[in-house]
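All remarks here apply to the structure that follows.
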Protein chains: 2
Amino acid sequence: MLQLTKRTEYGLIALVHMVDRPGVFVSAREICDTYKVPRRLLAEVLKTLSKAGLLASHRGATGGYMLVREPELTSVAQAVSALEGNPASSSCSPSPVDDSNSLFPILDSGSGCDMSPTCPIKTPIQRLRDGIWSLLQQTSLRDLAAPTAAAVNANPLGELLQSAQTLTY
Amino acid sequence: MLQLTKRTEYGLIALVHMVDRPGVFVSAREICDTYKVPRRLLAEVLKTLSKAGLLASHRGATGGYMLVREPELTSVAQAVSALEGNPASSSCSPSPVDDSNSLFPILDSGSGCDMSPTCPIKTPIQRLRDGIWSLLQQTSLRDLAAPTAAAVNANPLGELLQSAQTLTY
DNA sequence: CCAAATAGCACTGATTTGGTGCGCAATCAT
DNA sequence: ATGATTGCGCACCAAATCAGTGCTATTTGG
């Protein structure tokens, strides 16, 4: 489905939470106590984000996780890419890319579609995915945490988000 | 996963195919013979799109399916919405909307999140979804079939698609 | 009448997803 | 030192989703 998994949602919750706690290690306990997400699962998610290089971890009594980079330097796409498998493993997609340098395998182009050259939707589907992925790529954790007018304007999402309601919660 | 299902891909293939066959009923056989998609499954998909009001069907020997509206009046979002369940049934989402008038339940706002008011990602997640959905909404079958410069410019996807390669297949 | 096509219903196997159990290793406060 | 706290690694499970299929009935054009 065209939907973020719970794991990804939990991951984004955690990441956004850490945007407000720069420079300190935040434990999984603190996060799950705050947002009522399954502790064990959140731990798994944080572990993954850590292995993906988005978070730094520290063990021990006062341990936890911390953003490795500035919030504006980490994109939602990186989190999604880390938490959900390789999204390019679709029928109309290039063969799986093992290039660890590529954080966005879905963007890699190729010719692995078994329906080509007759498939009329190959490129369209890819364009669709590229569009979605671009959205995620160009949305930083900072944008996600507290979208300012500047962020909205500097971001391709901005136009789309103009009409989005800004809730106070 | 943040990915279109096979059903949706097949559906889009069929829809795009029909963009090039305006005014005539296209059989499932013709489509699956052309693009090598499972016949039985494609039939199921077309049935669904028909029930959703995107396609008109005609039974009998020369029967088949035909686009109900002009290709620019049907959005990818409508197809996705018809072929994949209600995408709003997520944790940070409003309760399922049974309003049949709303083709895009994901866009409906509400307060069904069981994590509010502490959840800091509720609105961000929704904005993300809204952004993705807006992309799909504002991409017509025409855009998908043969994106012209005009379509690209008139479409929010345009900016994102500028860098997308235009393959000849 | 027959062949071709959609409509309806039900079903299956494989994969993904959400979530958990448990022991080990590191680290800090006392 | 030592125990409490925290992350780490590995394996596991149940439910949901997904891709794909079987079969029959009904409509319709030639």
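The chains in the structure tokens are called A, B, ... from first to last as shown; in each chain the residues are counted from 1, and the ligands are counted from 1 in the order shown.
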
Glu70 (chain B): which residues within 12 Å, counting only C-alpha atoms (C1' of nucleotides), same-chain residues fewer than 3 positions away excluded, as number ranges by chain? B: 15-16, 18-23, 54-55, 66-67, 73-75, 140-143

For chain A against chain C, which residues fall within 8 Å using only C-alpha atoms (C1' of nucleotides), given as an MDAnalysis selection string? chainID A and resid 5:6 38 40:41 59:63

Let's have the selection written as a short mmCIF file (atom, residue, chain, number, x, y, z; two decimals), in the first residue's frame, with N, CA and C atoms.
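Output file selection-v3.cif follows:
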```cif
data_model
loop_
_atom_site.label_atom_id
_atom_site.label_comp_id
_atom_site.auth_asym_id
_atom_site.auth_seq_id
_atom_site.Cartn_x
_atom_site.Cartn_y
_atom_site.Cartn_z
N THR A 5 4.77 2.61 7.00
CA THR A 5 4.55 1.56 7.99
C THR A 5 4.60 2.17 9.39
N LYS A 6 4.09 1.40 10.35
CA LYS A 6 4.15 1.84 11.74
C LYS A 6 5.58 2.09 12.15
N PRO A 38 4.85 1.20 21.39
CA PRO A 38 5.40 -0.03 21.95
C PRO A 38 6.91 0.09 22.15
N ARG A 40 9.37 -2.02 22.94
CA ARG A 40 10.23 -2.99 22.29
C ARG A 40 10.40 -2.70 20.81
N LEU A 41 9.30 -2.34 20.17
CA LEU A 41 9.32 -2.07 18.74
C LEU A 41 10.08 -0.79 18.44
N ARG A 59 25.48 3.58 24.98
CA ARG A 59 24.93 2.61 25.92
C ARG A 59 25.12 3.07 27.37
N GLY A 60 24.59 2.27 28.23
CA GLY A 60 24.77 2.56 29.65
C GLY A 60 23.62 3.34 30.26
N ALA A 61 23.82 3.62 31.53
CA ALA A 61 22.74 4.22 32.33
C ALA A 61 22.18 5.50 31.72
N THR A 62 23.04 6.37 31.31
CA THR A 62 22.57 7.65 30.74
C THR A 62 22.62 7.64 29.22
N GLY A 63 22.58 6.45 28.67
CA GLY A 63 22.70 6.32 27.22
C GLY A 63 21.42 6.70 26.48
#
```

Would you work out the distance separating CA of Tyr65 (chain B) from CA of Arg39 (chain B), expressed in Å to one decimal?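 According to the coordinates, CA of Tyr65 (chain B) and CA of Arg39 (chain B) are separated by 14.2 Å.
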
Got a sec: who's within 9 Å of Val76 (chain A), counting only C-alpha atoms (C1' of nucleotides), leaving out chain neighbours fewer than 6 positions off, as a PDB file with all heavy atoms, in the first residue's frame?
```
ATOM      1  N   LEU A  12       9.826   8.318  12.741  1.00  0.00           N
ATOM      2  CA  LEU A  12       9.709   9.753  12.512  1.00  0.00           C
ATOM      3  C   LEU A  12       9.345  10.473  13.804  1.00  0.00           C
ATOM      4  O   LEU A  12       9.848  11.560  14.090  1.00  0.00           O
ATOM      5  CB  LEU A  12       8.662  10.025  11.427  1.00  0.00           C
ATOM      6  CG  LEU A  12       9.066   9.596  10.009  1.00  0.00           C
ATOM      7  CD1 LEU A  12       7.929   9.843   9.020  1.00  0.00           C
ATOM      8  CD2 LEU A  12      10.325  10.333   9.564  1.00  0.00           C
ATOM      9  N   LEU A 135       9.717  14.344  -2.841  1.00  0.00           N
ATOM     10  CA  LEU A 135       9.035  14.993  -1.727  1.00  0.00           C
ATOM     11  C   LEU A 135       9.709  14.632  -0.413  1.00  0.00           C
ATOM     12  O   LEU A 135      10.030  15.482   0.412  1.00  0.00           O
ATOM     13  CB  LEU A 135       7.578  14.513  -1.701  1.00  0.00           C
ATOM     14  CG  LEU A 135       6.499  15.572  -1.640  1.00  0.00           C
ATOM     15  CD1 LEU A 135       6.551  16.421  -2.890  1.00  0.00           C
ATOM     16  CD2 LEU A 135       5.144  14.924  -1.501  1.00  0.00           C
ATOM     17  N   LEU A 136       9.937  13.343  -0.247  1.00  0.00           N
ATOM     18  CA  LEU A 136      10.530  12.864   0.995  1.00  0.00           C
ATOM     19  C   LEU A 136      11.974  13.320   1.130  1.00  0.00           C
ATOM     20  O   LEU A 136      12.448  13.624   2.219  1.00  0.00           O
ATOM     21  CB  LEU A 136      10.473  11.339   1.041  1.00  0.00           C
ATOM     22  CG  LEU A 136       9.081  10.720   0.920  1.00  0.00           C
ATOM     23  CD1 LEU A 136       9.158   9.217   1.067  1.00  0.00           C
ATOM     24  CD2 LEU A 136       8.135  11.315   1.940  1.00  0.00           C
ATOM     25  N   GLN A 137      12.645  13.347   0.003  1.00  0.00           N
ATOM     26  CA  GLN A 137      14.049  13.753   0.027  1.00  0.00           C
ATOM     27  C   GLN A 137      14.203  15.195   0.448  1.00  0.00           C
ATOM     28  O   GLN A 137      15.118  15.552   1.181  1.00  0.00           O
ATOM     29  CB  GLN A 137      14.641  13.595  -1.379  1.00  0.00           C
ATOM     30  CG  GLN A 137      15.358  12.303  -1.615  1.00  0.00           C
ATOM     31  CD  GLN A 137      16.103  12.361  -2.940  1.00  0.00           C
ATOM     32  OE1 GLN A 137      17.296  12.597  -3.000  1.00  0.00           O
ATOM     33  NE2 GLN A 137      15.360  12.146  -4.019  1.00  0.00           N
ATOM     34  N   GLN A 138      13.303  16.013  -0.042  1.00  0.00           N
ATOM     35  CA  GLN A 138      13.463  17.443   0.169  1.00  0.00           C
ATOM     36  C   GLN A 138      12.723  17.927   1.407  1.00  0.00           C
ATOM     37  O   GLN A 138      12.603  19.114   1.636  1.00  0.00           O
ATOM     38  CB  GLN A 138      13.002  18.190  -1.083  1.00  0.00           C
ATOM     39  CG  GLN A 138      13.790  17.705  -2.307  1.00  0.00           C
ATOM     40  CD  GLN A 138      13.441  18.456  -3.571  1.00  0.00           C
ATOM     41  OE1 GLN A 138      13.328  19.667  -3.554  1.00  0.00           O
ATOM     42  NE2 GLN A 138      13.260  17.715  -4.654  1.00  0.00           N
ATOM     43  N   THR A 139      12.231  16.978   2.164  1.00  0.00           N
ATOM     44  CA  THR A 139      11.636  17.348   3.442  1.00  0.00           C
ATOM     45  C   THR A 139      12.597  16.924   4.548  1.00  0.00           C
ATOM     46  O   THR A 139      12.859  15.742   4.729  1.00  0.00           O
ATOM     47  CB  THR A 139      10.281  16.648   3.635  1.00  0.00           C
ATOM     48  OG1 THR A 139       9.409  17.016   2.572  1.00  0.00           O
ATOM     49  CG2 THR A 139       9.661  17.072   4.960  1.00  0.00           C
ATOM     50  N   SER A 140      13.128  17.884   5.249  1.00  0.00           N
ATOM     51  CA  SER A 140      14.090  17.577   6.307  1.00  0.00           C
ATOM     52  C   SER A 140      13.356  17.346   7.623  1.00  0.00           C
ATOM     53  O   SER A 140      12.164  17.618   7.752  1.00  0.00           O
ATOM     54  CB  SER A 140      15.078  18.727   6.470  1.00  0.00           C
ATOM     55  OG  SER A 140      14.413  19.839   7.057  1.00  0.00           O
ATOM     56  N   LEU A 141      14.082  16.814   8.568  1.00  0.00           N
ATOM     57  CA  LEU A 141      13.501  16.600   9.880  1.00  0.00           C
ATOM     58  C   LEU A 141      13.047  17.937  10.472  1.00  0.00           C
ATOM     59  O   LEU A 141      12.036  18.016  11.166  1.00  0.00           O
ATOM     60  CB  LEU A 141      14.511  15.933  10.808  1.00  0.00           C
ATOM     61  CG  LEU A 141      14.882  14.501  10.452  1.00  0.00           C
ATOM     62  CD1 LEU A 141      15.819  13.922  11.494  1.00  0.00           C
ATOM     63  CD2 LEU A 141      13.634  13.637  10.318  1.00  0.00           C
ATOM     64  N   LEU A 144       9.786  18.814   9.101  1.00  0.00           N
ATOM     65  CA  LEU A 144       8.754  17.964   9.671  1.00  0.00           C
ATOM     66  C   LEU A 144       8.416  18.386  11.099  1.00  0.00           C
ATOM     67  O   LEU A 144       7.253  18.366  11.509  1.00  0.00           O
ATOM     68  CB  LEU A 144       9.247  16.515   9.668  1.00  0.00           C
ATOM     69  CG  LEU A 144       8.176  15.443   9.550  1.00  0.00           C
ATOM     70  CD1 LEU A 144       7.425  15.608   8.247  1.00  0.00           C
ATOM     71  CD2 LEU A 144       8.811  14.079   9.632  1.00  0.00           C
TER      72      LEU A 144
END
```

As an exercise, work out the distance from CA of Leu83 (chain A) to CA of Thr123 (chain A) in Å and give it to one decimal place.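 If I compute the distance from CA of Leu83 (chain A) to CA of Thr123 (chain A), I get 25.7 Å.
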
Measuring atom to atom with only C-alpha atoms, identify which of A:Asp130, A:Glu72, A:Glu44, A:Glu30 is nearest to chain B.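 Among the listed residues, A:Asp130 lies closest to chain B.
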
Can you check which parts of chain D lie within 7 Å of chain A? Per residue, the shortest pair of atoms and distance in Å to one decimal, counting only C-alpha atoms (C1' of nucleotides), sorted by chain and number, as JSON lines.
```
{"residue": "D:DT5", "atom": "C1'", "partner": "A:Ala61", "partner_atom": "CA", "distance": 4.2}
{"residue": "D:DT6", "atom": "C1'", "partner": "A:Gly60", "partner_atom": "CA", "distance": 4.7}
{"residue": "D:DG7", "atom": "C1'", "partner": "A:Arg59", "partner_atom": "CA", "distance": 5.0}
```

Based on the selection just made, write N, CA and C atoms (P, O5', C5', C4', C3', O3' and C1' of nucleotides) of those residues as an mmCIF file, in the first residue's frame.
```cif
data_model
loop_
_atom_site.group_PDB
_atom_site.id
_atom_site.type_symbol
_atom_site.label_atom_id
_atom_site.label_comp_id
_atom_site.auth_asym_id
_atom_site.auth_seq_id
_atom_site.Cartn_x
_atom_site.Cartn_y
_atom_site.Cartn_z
ATOM 1 P P DT D 5 16.495 1.280 37.349
ATOM 2 O "O5'" DT D 5 17.164 1.739 35.975
ATOM 3 C "C5'" DT D 5 18.118 2.783 35.992
ATOM 4 C "C4'" DT D 5 18.812 2.887 34.648
ATOM 5 C "C3'" DT D 5 17.880 2.675 33.443
ATOM 6 O "O3'" DT D 5 17.991 3.774 32.569
ATOM 7 C "C1'" DT D 5 19.850 1.379 33.232
ATOM 8 P P DT D 6 16.871 4.018 31.460
ATOM 9 O "O5'" DT D 6 17.646 3.594 30.142
ATOM 10 C "C5'" DT D 6 18.863 4.251 29.798
ATOM 11 C "C4'" DT D 6 19.651 3.425 28.809
ATOM 12 C "C3'" DT D 6 18.823 2.877 27.650
ATOM 13 O "O3'" DT D 6 19.062 3.582 26.461
ATOM 14 C "C1'" DT D 6 20.443 1.302 28.477
ATOM 15 P P DG D 7 18.256 3.139 25.118
ATOM 16 O "O5'" DG D 7 19.369 2.333 24.310
ATOM 17 C "C5'" DG D 7 20.604 2.949 23.983
ATOM 18 C "C4'" DG D 7 21.626 1.899 23.567
ATOM 19 C "C3'" DG D 7 21.333 1.197 22.242
ATOM 20 O "O3'" DG D 7 22.559 0.958 21.564
ATOM 21 C "C1'" DG D 7 21.482 -0.403 23.940
#
```

Please indicate the distance in Å from CA of Val68 (chain B) to CA of Ala145 (chain B), rounded to one decimal place.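 For CA of Val68 (chain B) relative to CA of Ala145 (chain B), the distance reads 16.3 Å.
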
Which of these, B:Leu2, B:Leu128, B:Val24, B:Leu49, has the shortest distance to chain A once you count only C-alpha atoms?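 Looking only at the distances to chain A, the closest residue turns out to be B:Leu2.
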
Of the candidates B:Pro124, B:Arg69, B:Ala14, B:Trp133, which shows the shortest atom-to-atom distance to chain A, using only C-alpha atoms?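 Among the listed residues, B:Pro124 lies closest to chain A.
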
Which one is closest to chain B: A:Val26, A:Tyr10, A:Gly131, A:Thr48? Count only C-alpha atoms.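 Residue with the minimum atom-to-atom distance to chain B: A:Gly131.
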